[in-house]
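**Q** Please find one structure pasted underneath; my questions will follow.
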Amino acid sequence: MRSGCFPGASCGEVKVESEGQGRAESSSSSERRPRVRRNVTAAIARDICADRYPSGSPLPRENDLCELYGVSRTVIRESLKVLESKGLVRGKPRVGTTVCDRDEWNILDAEVLDWMGPYIKDFDLLGCILEARRTIEPAAAEYAAERASAQEIADLDKAWRQMRDSAGEPESFTDADVMFHTVLLTASHNQVFRRLSSAIHAALKYALHASNIAVENREDAVLVHGQLVEALRMRDKTGARECANRMLDLAVRDLAAAEKVIGRTK
């Protein structure tokens, strides 16, 4: 199998079905095709992330991509449209498809984050997310202490309790952690912060997950998140900002642990 192939496909081979098979399986073809397209899109994207197709370079011609990934031109064209919508490639008539500079990639997209996978450290994305949080979250916490509704504080308390109760389960802990920070930005009642929450949701989840699986003890994180909820209940703006900063200090520690794990798995 050539390196560009996705699991289950043989590069350079296009499976030809008999007419009977085609009729028998036509009802499920529409179900199979999206899965095939997603696999091919991911395979091409990961090859781009791995610099098999460097920024600024042209992708192989459609016919060559068909042979490399073992699929039809229709699947290749659909995959390239997805990659173009996420900023990884750009197609031009009579020129072909070119790999875009990394600065143009939509690195806050959940699929792009997944495709970047083991190469994510090369983008320093975890550090960039932490810098963004350093800028936004302390202010959001202070505003939330003044503006959060009783329901929003209750939602934060619920997310904190879920964190506390799932401290030994990284996946569940991360889901609750993401919910906590999403509600916090919403509770600031700042429209820009709310939009930022939606924009960075996937990247925040990736960063928190990386940190949460890299550390064994999450008790410090549970403690400070609970203290922030209490500060909001007391309408303590200064205390809320201080709690947010302490959370981010812990994030610095956990980020260092996460980067070591990522470095070992590259």
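Each chain in the structure tokens gets a letter, A, B, ..., in the order shown, and its residues are numbered from 1; ligands are numbered from 1 in order too.
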Report as an MDAnalysis selection string all protein, DNA and RNA residues lying within 9 Å of segment 158-160 of chain A, evaluated on only C-alpha atoms, omitting residues in the same chain fewer than 4 positions from it.

**A** chainID A and resid 153:154 164:165 175:180 183 222 225:226 229

**Q** At a cut-off of 7 Å, using only C-alpha atoms, what residues contact Arg90 of chain A? Leave out same-chain residues fewer than 5 positions from it and give the result as a PDB file with C-alpha atoms, in the first residue's frame.

**A**
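As written to disk, selection.pdb reads:
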```
ATOM      1  CA  GLU A  84     -10.248  24.296   0.116  1.00  0.00           C
ATOM      2  CA  THR A  97      -4.580  22.821  -6.863  1.00  0.00           C
ATOM      3  CA  THR A  98      -1.869  24.347  -4.697  1.00  0.00           C
ATOM      4  CA  VAL A  99      -1.179  23.815  -1.001  1.00  0.00           C
ATOM      5  CA  CYS A 100      -1.786  27.018   0.960  1.00  0.00           C
TER       6      CYS A 100
END
```

**Q** Would you kindly return, as a PyMOL selection string, each protein, DNA or RNA residue with an atom no farther than 9 Å from any atom of segment 196-213 of chain A, considering only C-alpha atoms and excluding same-chain residues fewer than 3 positions away?

**A** chain A and resi 107-111+113-114+125-127+129-130+169-171+173-175+177-178+181-183+185-186+191-193+216-218+251+253-259+261-262

**Q** In terms of the shortest atom-to-atom distance over only C-alpha atoms, which of A:Val36, A:Val71, A:Cys49, A:Leu184 is closest to Arg133 of chain A?

**A**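 The closest residue to Arg133 of chain A is A:Leu184.
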
**Q** Restricting the calculation to only C-alpha atoms, which member of A:Ala43, A:Asp249, A:Thr238, A:Trp105 is positioned closest to Leu68 of chain A?

**A**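 Of all the options, A:Ala43 lies closest to Leu68 of chain A.
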
**Q** So that I can check the secondary structure, give me every residue of segment 86-229 of chain A assigned strand (DSSP E) by backbone DSSP, as a count of residues only.

**A** 8

**Q** Could you pull the residues within 12 Å of Met234 of chain A, counting only C-alpha atoms, minus those fewer than 5 positions along the same chain, as a list of chain:residue names?

**A**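 Selected residues are A:Glu142, A:Ala144, A:Ala145, A:Glu146, A:Arg147, A:Ala148, A:Ala150, A:Ile153, A:Gln227, A:Leu228, A:Val229, A:Gly239, A:Ala240.
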
**Q** Can you pull out the residues contacting Asp64 of chain A? Cut-off 10 Å, using only C-alpha atoms, and skip same-chain residues under 5 positions away; I want them as a PyMOL selection string.

**A** chain A and resi 12+59+69-70+73

**Q** Go ahead and write the selection's residues with all heavy atoms as a PDB file, in the first residue's frame.

**A**
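File part-v7.pdb, as written:
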```pdb
ATOM      1  N   GLY A  12      -4.109   2.649  -6.561  1.00  0.00           N
ATOM      2  CA  GLY A  12      -3.955   2.211  -7.927  1.00  0.00           C
ATOM      3  C   GLY A  12      -4.981   1.172  -8.322  1.00  0.00           C
ATOM      4  O   GLY A  12      -5.003   0.698  -9.443  1.00  0.00           O
ATOM      5  N   LEU A  59      -0.492  20.146  -5.794  1.00  0.00           N
ATOM      6  CA  LEU A  59      -0.863  18.756  -5.570  1.00  0.00           C
ATOM      7  C   LEU A  59      -0.741  17.993  -6.888  1.00  0.00           C
ATOM      8  O   LEU A  59      -0.782  18.586  -7.967  1.00  0.00           O
ATOM      9  CB  LEU A  59      -2.310  18.665  -5.076  1.00  0.00           C
ATOM     10  CG  LEU A  59      -2.612  19.040  -3.621  1.00  0.00           C
ATOM     11  CD1 LEU A  59      -4.095  18.844  -3.334  1.00  0.00           C
ATOM     12  CD2 LEU A  59      -1.777  18.242  -2.647  1.00  0.00           C
ATOM     13  N   TYR A  69      -4.760   7.344  -4.131  1.00  0.00           N
ATOM     14  CA  TYR A  69      -5.680   7.077  -3.032  1.00  0.00           C
ATOM     15  C   TYR A  69      -6.739   6.032  -3.378  1.00  0.00           C
ATOM     16  O   TYR A  69      -7.582   5.707  -2.544  1.00  0.00           O
ATOM     17  CB  TYR A  69      -6.328   8.388  -2.566  1.00  0.00           C
ATOM     18  CG  TYR A  69      -5.300   9.349  -2.020  1.00  0.00           C
ATOM     19  CD1 TYR A  69      -4.784  10.367  -2.819  1.00  0.00           C
ATOM     20  CD2 TYR A  69      -4.805   9.217  -0.729  1.00  0.00           C
ATOM     21  CE1 TYR A  69      -3.808  11.229  -2.339  1.00  0.00           C
ATOM     22  CE2 TYR A  69      -3.840  10.078  -0.236  1.00  0.00           C
ATOM     23  CZ  TYR A  69      -3.333  11.085  -1.050  1.00  0.00           C
ATOM     24  OH  TYR A  69      -2.372  11.929  -0.572  1.00  0.00           O
ATOM     25  N   GLY A  70      -6.685   5.504  -4.608  1.00  0.00           N
ATOM     26  CA  GLY A  70      -7.543   4.389  -4.977  1.00  0.00           C
ATOM     27  C   GLY A  70      -9.017   4.697  -5.048  1.00  0.00           C
ATOM     28  O   GLY A  70      -9.846   3.863  -4.666  1.00  0.00           O
ATOM     29  N   ARG A  73     -12.494  10.102  -9.564  1.00  0.00           N
ATOM     30  CA  ARG A  73     -12.264  11.542  -9.678  1.00  0.00           C
ATOM     31  C   ARG A  73     -13.323  12.319  -8.900  1.00  0.00           C
ATOM     32  O   ARG A  73     -13.042  13.389  -8.359  1.00  0.00           O
ATOM     33  CB  ARG A  73     -12.268  11.961 -11.153  1.00  0.00           C
ATOM     34  CG  ARG A  73     -11.087  11.415 -11.944  1.00  0.00           C
ATOM     35  CD  ARG A  73     -11.127  11.861 -13.395  1.00  0.00           C
ATOM     36  NE  ARG A  73     -10.867  13.283 -13.507  1.00  0.00           N
ATOM     37  CZ  ARG A  73     -10.837  13.937 -14.678  1.00  0.00           C
ATOM     38  NH1 ARG A  73     -11.085  13.273 -15.806  1.00  0.00           N
ATOM     39  NH2 ARG A  73     -10.574  15.217 -14.725  1.00  0.00           N
TER      40      ARG A  73
END
```

**Q** As a PyMOL selection string, which residues of segment 60-266 of chain A does DSSP assign to alpha helix (DSSP H)?

**A** chain A and resi 62-69+73-85+110-116+125-147+150-165+170-187+191-199+201-214+219-233+237-265

**Q** Would you mind reading off the distance between atom CA of Lys86 of chain A and atom CA of Leu65 of chain A, one decimal, in Å?

**A**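 Result for atom CA of Lys86 of chain A versus atom CA of Leu65 of chain A: 19.2 Å, one decimal.
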
**Q** So which residues touch Ile48 of chain A within 12 Å, counting only C-alpha atoms, skipping near sequence neighbours fewer than 3 positions away, as number ranges by chain?

**A** A: 4, 41-45, 51-60, 83, 87-89, 98-102, 105, 112, 115-117, 119

**Q** Smallest atom-to-atom distance to Lys92 of chain A: which of A:Asp236, A:Ala132, A:Leu223, A:Leu80, using only C-alpha atoms?

**A**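 Of the candidates, the smallest distance to Lys92 of chain A is held by A:Leu80.
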
**Q** Could you work out how far atom CA of Arg241 of chain A lies from atom CA of Pro138 of chain A, giving the answer in Å with one decimal?

**A**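 Going from atom CA of Pro138 of chain A over to atom CA of Arg241 of chain A covers 4.7 Å.
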